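Everything below concerns the one structure shown next.
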Amino acid sequence: MYSFASISARTSRLAVVALLTCLALSGMSCSKVNRTPTSPAGRATMDLSDGSRTAPPPVTDLPVLGTAANFAVLGASTVTSTGLTVLSGGDLGVSPGTAITGFGPGVVSGAIHAGDPVAAQAQLDLAAGYGLLTGMACTTTLSGQDLGGMTLAPGVYCFASSAQLTGGLVLDAQGNPDAVFVFQIGSTLTTAVASSVVLINGGRQCNVFWAVGSSATLGTNTHLVGNVISVASITLTHGVVIAGRALARAGAVTMDADSVSSANCGAGPIPPCRQRAHGEGSIAVAGGMANFSFNVHQKSDGRLSGSLQFMNRGKGSNLAIKTLTSVVFSGSSVTFVGTGTRNGVAGTYTVTATSSSSPMLSDRFSISGPGGLLESGNVKSGKIRIEARKCGHDDDGDDDDEDDDDDDHDGGHGHGHGDDDDDDHDDGKGDGRH
């Protein structure tokens, strides 16, 4: 990574802003295209105010966060954790404060920097990176709109004041791993319970930035991707999963049995894994119980298969998902996005299922989508299973026929055949055979 100290202050800010803006606007590999009409063909140059030119660094070396990129979590006043919080792929730090509590039982894969020069430099770099991001021109203004239910292309999305996420947000990189998503938020960022942000079509979590003007609060069991950079505090309520970073410039970072992983930032696309999740059961909803069954399978070549049935008799709502667009496995949880029909009306839905490793705790299931659909709860009379398989270079590439047969024979776990099939489900009584 480039260090801010190693790049001329006269050129670095303009170069990075230009390259980030190009990527967000066009989705192209902007390190290989002209930035000015007079640039020689094939050269990535830009005009500076004094008439000189500079070539911006390659996309993978963008010095947006500087040394702050080495941290999974960075606070300013304090960092506090309750329960088993897991930070992986980066360090934990605080500066100018010195107080870090809750580790353990919390776990950190990297080093801990409590008020030392490393954390102090990271805060300086973080402030500069925040300035770069907020200096970009808006491509779309979303003030007053809830991000839930949206599918967004690469761009710079701006909120004059607060931003809210209720349900699922899909970020479509459109096949470009260098695609950049920037969210400029004037004041607070808040997510509702079981909300999710999912990257599809080749996107990378390190190219997603949430520049929050005051505080960020992520609701229980929220799954989010990207770098959350808050001017004030960051609060992760129970069970939050971030594929990225939580970086507070002037306030505290507070966590409660959460997971923050920056392991894949800057390392290219996450290699496909052979993984599977399946389950069935019921959750309590207004007016009674809702039944669900699903089966999700990601093969070693990245192909996805699976489906879901969800029936809420109290609301007369029957949902069938038969096509998956993205799947994210994170520890004991899976989040998948798919297209389906709800009472005959097509839409895009986000599902998060979590398997509890403790017999004292319940599995959880949530589903969100258009038309105000948002249901979440502890699983009753059923079970969710997350089965990790071989990944990346450890994978022998052999997707045997047995895996495919599992998909074909698990009709009761998500391979439904339309809304009418929901009538075959028990009223809130999964068989618990998982």
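Numbering starts fresh at 1 for the residues of each chain in the structure tokens, the chains themselves are lettered A, B, ... in the order given, and ligands are numbered from 1 as they appear.
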Would you give me, as a Markdown table, each residue of stretch 118-186 of chain A having an atom within 12 Å of an atom of stretch 322-346 of chain A, along with its shortest atom pair and that distance in Å to one decimal, using only C-alpha atoms and sorting by chain and residue number?
```
| residue | atom | partner | partner_atom | distance |
| --- | --- | --- | --- | --- |
| A:Gly149 | CA | A:Val337 | CA | 10.8 |
| A:Met150 | CA | A:Val337 | CA | 11.9 |
| A:Thr151 | CA | A:Val337 | CA | 10.9 |
| A:Gly167 | CA | A:Val337 | CA | 11.3 |
| A:Gly168 | CA | A:Val337 | CA | 8.3 |
| A:Leu169 | CA | A:Val337 | CA | 9.4 |
| A:Val170 | CA | A:Val337 | CA | 8.1 |
| A:Leu171 | CA | A:Ser326 | CA | 10.4 |
| A:Asp172 | CA | A:Ser326 | CA | 10.1 |
| A:Ala173 | CA | A:Ser326 | CA | 11.9 |
```
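Those residues in stretch 84-157 of chain A carrying a DSSP assignment of helix (DSSP H, G or I), computed from the backbone, are Pro117, Val118, Ala119, Ala120, Gln121, Ala122, Gln123, Leu124, Asp125, Leu126, Ala127, Ala128, Gly129, Tyr130, Gly131, Leu132, Leu133 and Thr134 of chain A.
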- Query: Using only C-alpha atoms, which of A:Ile367, A:Cys158, A:Val253, A:Ala286 sits nearest A:Leu133?
  - Reply: A:Cys158
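Taking atom CA of A:Gly75 and atom CA of A:Ser95 as the two end points, the separation is 6.5 Å.
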- Got a sec: who's within 9 Å of A:Pro105, counting only C-alpha atoms, leaving out chain neighbours fewer than 4 positions off, as JSON, numbers by chain? {"A": [81, 82, 83, 84, 85]}
